[in-house]
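K.L.:
One structure follows; several queries about it will come next.
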Amino acid sequence: MRGKSILAALCVALSPAMASAQAAGDLTVAFGAEGTVLDPTKYSAGVDHYFIGQMFEQLVRYDPDQKQVNWLAESWELQQQEGKPVIDVKLRPGVKFHNGDPLTSADFEFCFERLRDPKVSRWSHLQANVEKFEIVDDLHFKIHFKSPDGDYIAGALQLWALPKKYFEKVGEDGFARSPVGTGPWKFVSRSVKEELKLEAFDDYWNKDARPTVKNLTIKIIPEDLTRVAAFKSGAVDWIDNVPPSMVAEFKKMPGVKTFTAISGNNLYIDFPSYNPASPFSKLKVRQAAAQAIDMDAIIKSVLFGQGERYAEVGKGSAGYDPELKPYAYNPKQAKQLLAEAGYPTGFDTPCYNLTTPREPNIKEMGEAVFAYLGQVGIRCRVQGLEYGAWINLGRRGRNGPPEMDGVLSWMWSQGLPGDPATPWGGHLHSFVAGKGWGSYSYTDDKQADAMIEQLKGTMEQPKRIELIHQIAKYKHDNVLGGISTYRPVITLAWRDKVDFRPWPFPGAWREFQEIGLKK
């Protein structure tokens with residue numbers, strides 16, 4: 001399996017204006033949510049990629065057509081050595097970091113060492129199958145595996161370009177204050193919860209796909225109406241997460257362009273099925289919850305149609321099965337199942353809701369879900385949580401209480417175009433302390449564990465697809481790892497003076513790989 005044969009050669013068709021223009025001018029944009037860190041080895045969730053992805057790059061990525069292409073890797077190849085898999089990577093020559101240092105194999109080795117350190121990374125388990133990192137020369141390295149690891153390839157080869165010399169010079173705190181990557185944008189300054197200022201990198205390696213505006217300010221404006229007002233007043237020229245109720249208005253707005261697409265995020269409702277004391281440990285209760293929610297009505301009325309239902313795997317993702325359908329809304333059957341499970345009058349439970357606009361109308365969606373549960377007898381005591389508290393509640397293995405003990409409105413991106421293996425390893429596989437399995441899981445099912453571990457050890461794509469189908473059906477039939485709800489449809493908007501081409505990864509279409517001001 002060769003990188004050049006399975007990854008399309010990058011060929012970006014640019015408008016003449018964007019291809020020829022020099023970086024000049026200023027642009028201000030607005031995001032509805034803010035990341036937690038700017039260090040790619042310390043990220044905690046997908047929203048971090050909105051910011052990290054502007055400054056840092058990986059070996060491969062997805063282009064605007066969602067095709068995987070070689071990026072900082074000029075080529076890569078999957079080999080076998082003494083019966084074990086090896087990924088052989090040759091780096092693109094001439095790539096520089098923002099401080100002028102050349103990109104070398106040692107920088108990826110340094111990133112690998114940080115990513116596998118559980119004191120640094122929340123995702124150290126993703127490097128657990130790597131036996132050693134071998135530097136051949138400055139532009140050539142090999143990743144040796146103890147055993148096959150299909151998730152490594154599905155996850156864009158995992159590693160980020162991290163400047164070893166600069167990091168060791170300024171230290172962890174210095175890097176956090178002034179991060180340096182190879183991406184199209186250089187860090188200038190950051191005011192937490194307010195804005196991030198960036199500057200186009202003049203020595204950026206990709207001369208065909210790069211920004212043509214010089215200065216970029218990313219404002220953080222969580223409140224929908226405030227963000228919209230900033231756009232309408234001209235304070236910002238680009239916004240994400242156009243409120244669903246206003247999408248039609250924006251699409252008709254003179255002098256405004258929009259882009260609408262699946263966000264790549266997979267939302268679901270989870271509960272502690274692993275806990276024998278919880279009602280959700282009973283299959284009939286989980287089935288009742290699945291049939292209690294009229295997700296089609298929520299998408300229509302709460303999300304104004306800006307959502308796509310899915311059953312375990314999203315359309316277009318690896319292993320998508322069109323024959324597997326979401327649970328139908330059936331409140332009568334839900335009440336009957338609760339009675340059969342021993343809860344004829346229902347029960348009370350905490351219900352945790354995300355209030356930060358990580359996705360459009362996420363708070364209102366959660367409230368609607370909890371209301372539907374209440375109508376069949378699963379009575380919610382709703383607790384709203386901002387992003388930091390919410391993600392910490394969902395994470396397993398934390399020091400100290402509380403442990404998530406009720407219904408949780410949750411999400412885990414399967415990516416664009418998508419692969420469910422890593423998310424399932426995190427929220428379907430049972431929690432194993434110190435090993436990374438089940439890092440956000442409230443499920444404990446040995447058969448699911450075995451299938452997920454088999455999937456991780458499978459590198460051949462046809463076999464992976466077959467296993468994904470099997471896991472998805474088992475997960476669906478037993479309502480494990482949560483109830484699949486929907487994939488958000490997001491709309492971005494910008495003034496027609498802005499020349500913008502959306503890239504899907506990283507950052508779920510918020511990547512400013514190609515953006516400028518028309519002349």
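Just so we're on the same page: first chain in the structure tokens is A, next is B, and so on; residues restart at 1 for each chain, and ligands are numbered from 1 in the order they show up.
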Taking 2 positions as the minimum chain separation for residues in the same chain, which residues sit within 9 Å of stretch 321-328 of chain A when counting only C-alpha atoms? Answer as a list in words.
P.N.:
Gln287, Ala290, Gln291, Ala292, Ile293, Asp294, Met295, Arg309, Tyr310, Ala311, Glu312, Val313, Gly314, Lys315, Gly319, Asn330, His469, Ala472, Lys473, His476, Ile483, Ser484 and Thr485 of chain A
K.L.:
Quick one: write out the picked residues with N, CA and C atoms as a CSV table (one decimal), in the first residue's frame?
P.N.:
```
chain,number,residue,atom,x,y,z
A,287,GLN,N,-33.5,1.3,25.0
A,287,GLN,CA,-34.4,1.3,23.8
A,287,GLN,C,-35.6,2.2,24.0
A,290,ALA,N,-34.3,5.7,23.2
A,290,ALA,CA,-34.0,5.8,21.8
A,290,ALA,C,-35.3,6.1,21.1
A,291,GLN,N,-36.4,5.5,21.5
A,291,GLN,CA,-37.7,5.7,20.8
A,291,GLN,C,-38.5,6.9,21.4
A,292,ALA,N,-38.0,7.5,22.5
A,292,ALA,CA,-38.8,8.6,23.1
A,292,ALA,C,-38.5,9.9,22.4
A,293,ILE,N,-37.5,10.0,21.7
A,293,ILE,CA,-37.0,11.3,21.1
A,293,ILE,C,-37.4,11.4,19.7
A,294,ASP,N,-38.2,12.5,19.3
A,294,ASP,CA,-38.6,12.7,18.0
A,294,ASP,C,-37.5,13.6,17.3
A,295,MET,N,-36.4,13.0,16.9
A,295,MET,CA,-35.3,13.8,16.4
A,295,MET,C,-35.6,14.5,15.1
A,309,ARG,N,-29.8,13.3,10.2
A,309,ARG,CA,-29.9,12.1,11.0
A,309,ARG,C,-28.9,11.1,10.5
A,310,TYR,N,-28.4,10.3,11.5
A,310,TYR,CA,-27.5,9.2,11.1
A,310,TYR,C,-27.7,8.1,12.1
A,311,ALA,N,-27.3,6.9,11.7
A,311,ALA,CA,-27.4,5.7,12.5
A,311,ALA,C,-25.9,5.2,12.7
A,312,GLU,N,-25.3,5.6,13.7
A,312,GLU,CA,-23.9,5.1,14.1
A,312,GLU,C,-22.8,5.6,13.3
A,313,VAL,N,-22.9,5.6,12.0
A,313,VAL,CA,-21.9,6.1,11.0
A,313,VAL,C,-22.5,7.1,10.0
A,314,GLY,N,-21.9,8.2,9.9
A,314,GLY,CA,-22.5,9.2,9.0
A,314,GLY,C,-22.3,8.9,7.5
A,315,LYS,N,-23.2,9.4,6.7
A,315,LYS,CA,-23.2,9.2,5.3
A,315,LYS,C,-21.8,9.7,4.7
A,319,GLY,N,-17.4,2.9,6.2
A,319,GLY,CA,-18.3,1.9,6.9
A,319,GLY,C,-19.8,2.3,6.9
A,330,ASN,N,-41.5,6.6,18.8
A,330,ASN,CA,-42.6,5.8,19.2
A,330,ASN,C,-42.8,5.9,20.7
A,469,HIS,N,-19.2,-2.2,9.8
A,469,HIS,CA,-20.6,-2.6,9.6
A,469,HIS,C,-21.1,-3.5,10.8
A,472,ALA,N,-21.3,-1.4,14.1
A,472,ALA,CA,-22.4,-0.4,14.0
A,472,ALA,C,-23.7,-1.1,14.3
A,473,LYS,N,-24.0,-2.3,13.7
A,473,LYS,CA,-25.2,-3.0,13.9
A,473,LYS,C,-25.3,-3.5,15.4
A,476,HIS,N,-26.0,-0.5,17.6
A,476,HIS,CA,-27.3,0.0,17.3
A,476,HIS,C,-28.4,-0.9,18.0
A,483,ILE,N,-27.1,7.1,22.1
A,483,ILE,CA,-28.1,7.1,21.0
A,483,ILE,C,-27.7,8.1,19.9
A,484,SER,N,-27.4,7.7,18.7
A,484,SER,CA,-27.1,8.6,17.6
A,484,SER,C,-28.3,9.5,17.4
A,485,THR,N,-28.0,10.8,17.3
A,485,THR,CA,-29.0,11.8,17.1
A,485,THR,C,-28.9,12.5,15.7
```
K.L.:
Any chance you could list, as a VMD selection string, the residues in stretch 232-342 of chain A that come up helix (DSSP H, G or I) when DSSP is run on the backbone?
P.N.:
chain A and resid 232 to 233 244 to 252 279 to 281 283 to 292 295 to 301 331 to 340
K.L.:
Between atom CA of A:Phe167 and atom CA of A:Gln127, measure the distance and give it in Å to one decimal.
P.N.:
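Going from atom CA of A:Phe167 over to atom CA of A:Gln127 covers 20.8 Å.
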K.L.:
Counting only C-alpha atoms, figure out which residue out of A:Ala23, A:Val120, A:Ile362, A:Val192 gets nearest to A:Gly516.
P.N.:
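Ranking A:Ala23, A:Val120, A:Ile362, A:Val192 by distance to A:Gly516, first place goes to A:Ala23.
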K.L.:
Point out the residue among A:Ser245, A:Gln68, A:Thr356, A:Ser189 with the least atom-to-atom distance to A:Lys300, counting only C-alpha atoms.
P.N.:
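The answer is A:Ser245, which sits nearest to A:Lys300.
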K.L.:
What's the separation between atom CA of A:Lys257 and atom CA of A:Arg501, in Å to one decimal place?
P.N.:
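Separating atom CA of A:Lys257 from atom CA of A:Arg501 is a distance of 11.2 Å.
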K.L.:
Counting only C-alpha atoms, what is within 8 Å of A:Ile52, bar same-chain residues fewer than 2 positions away, as a list of chain:residue names?
P.N.:
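Near A:Ile52, the qualifying residues are A:Leu38, A:Asp39, A:Pro40, A:Asp48, A:His49, A:Tyr50, A:Gln54, A:Met55, A:Phe56.
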K.L.:
Restricted to N, CA, C and O atoms, what would the selected residues look like written as a PDB file, in the first residue's frame?
P.N.:
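Here's the written file out20.pdb:
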```pdb
ATOM      1  N   LEU A  38      -3.470  26.041  22.355  1.00  0.00           N
ATOM      2  CA  LEU A  38      -2.900  26.270  21.025  1.00  0.00           C
ATOM      3  C   LEU A  38      -1.741  25.321  20.741  1.00  0.00           C
ATOM      4  O   LEU A  38      -1.044  25.471  19.739  1.00  0.00           O
ATOM      5  N   ASP A  39      -1.524  24.341  21.603  1.00  0.00           N
ATOM      6  CA  ASP A  39      -0.478  23.338  21.439  1.00  0.00           C
ATOM      7  C   ASP A  39      -1.128  22.068  20.893  1.00  0.00           C
ATOM      8  O   ASP A  39      -1.975  21.472  21.552  1.00  0.00           O
ATOM      9  N   PRO A  40      -0.774  21.624  19.674  1.00  0.00           N
ATOM     10  CA  PRO A  40      -1.446  20.459  19.086  1.00  0.00           C
ATOM     11  C   PRO A  40      -1.210  19.154  19.830  1.00  0.00           C
ATOM     12  O   PRO A  40      -1.923  18.181  19.581  1.00  0.00           O
ATOM     13  N   ASP A  48     -10.646  22.778  19.351  1.00  0.00           N
ATOM     14  CA  ASP A  48      -9.259  23.258  19.386  1.00  0.00           C
ATOM     15  C   ASP A  48      -8.664  23.346  17.986  1.00  0.00           C
ATOM     16  O   ASP A  48      -7.803  24.183  17.711  1.00  0.00           O
ATOM     17  N   HIS A  49      -9.128  22.489  17.091  1.00  0.00           N
ATOM     18  CA  HIS A  49      -8.590  22.463  15.733  1.00  0.00           C
ATOM     19  C   HIS A  49      -8.957  23.711  14.940  1.00  0.00           C
ATOM     20  O   HIS A  49      -8.299  24.033  13.955  1.00  0.00           O
ATOM     21  N   TYR A  50     -10.026  24.414  15.353  1.00  0.00           N
ATOM     22  CA  TYR A  50     -10.365  25.659  14.672  1.00  0.00           C
ATOM     23  C   TYR A  50      -9.186  26.626  14.716  1.00  0.00           C
ATOM     24  O   TYR A  50      -8.992  27.423  13.796  1.00  0.00           O
ATOM     25  N   GLN A  54      -4.901  26.587  11.991  1.00  0.00           N
ATOM     26  CA  GLN A  54      -4.438  27.767  11.250  1.00  0.00           C
ATOM     27  C   GLN A  54      -2.909  27.848  11.243  1.00  0.00           C
ATOM     28  O   GLN A  54      -2.319  28.358  10.295  1.00  0.00           O
ATOM     29  N   MET A  55      -2.280  27.337  12.305  1.00  0.00           N
ATOM     30  CA  MET A  55      -0.837  27.521  12.511  1.00  0.00           C
ATOM     31  C   MET A  55      -0.013  26.250  12.363  1.00  0.00           C
ATOM     32  O   MET A  55       1.181  26.319  12.084  1.00  0.00           O
ATOM     33  N   PHE A  56      -0.648  25.089  12.552  1.00  0.00           N
ATOM     34  CA  PHE A  56       0.090  23.824  12.563  1.00  0.00           C
ATOM     35  C   PHE A  56      -0.429  22.897  11.479  1.00  0.00           C
ATOM     36  O   PHE A  56      -1.599  22.968  11.083  1.00  0.00           O
TER      37      PHE A  56
END
```
K.L.:
For stretch 337-348 of chain A, please output as a ChimeraX atom specification all residues within 7 Å (counting only C-alpha atoms; exclusion window: fewer than 2 positions along the same chain).
P.N.:
/A:284-285,288,333-335,377-380
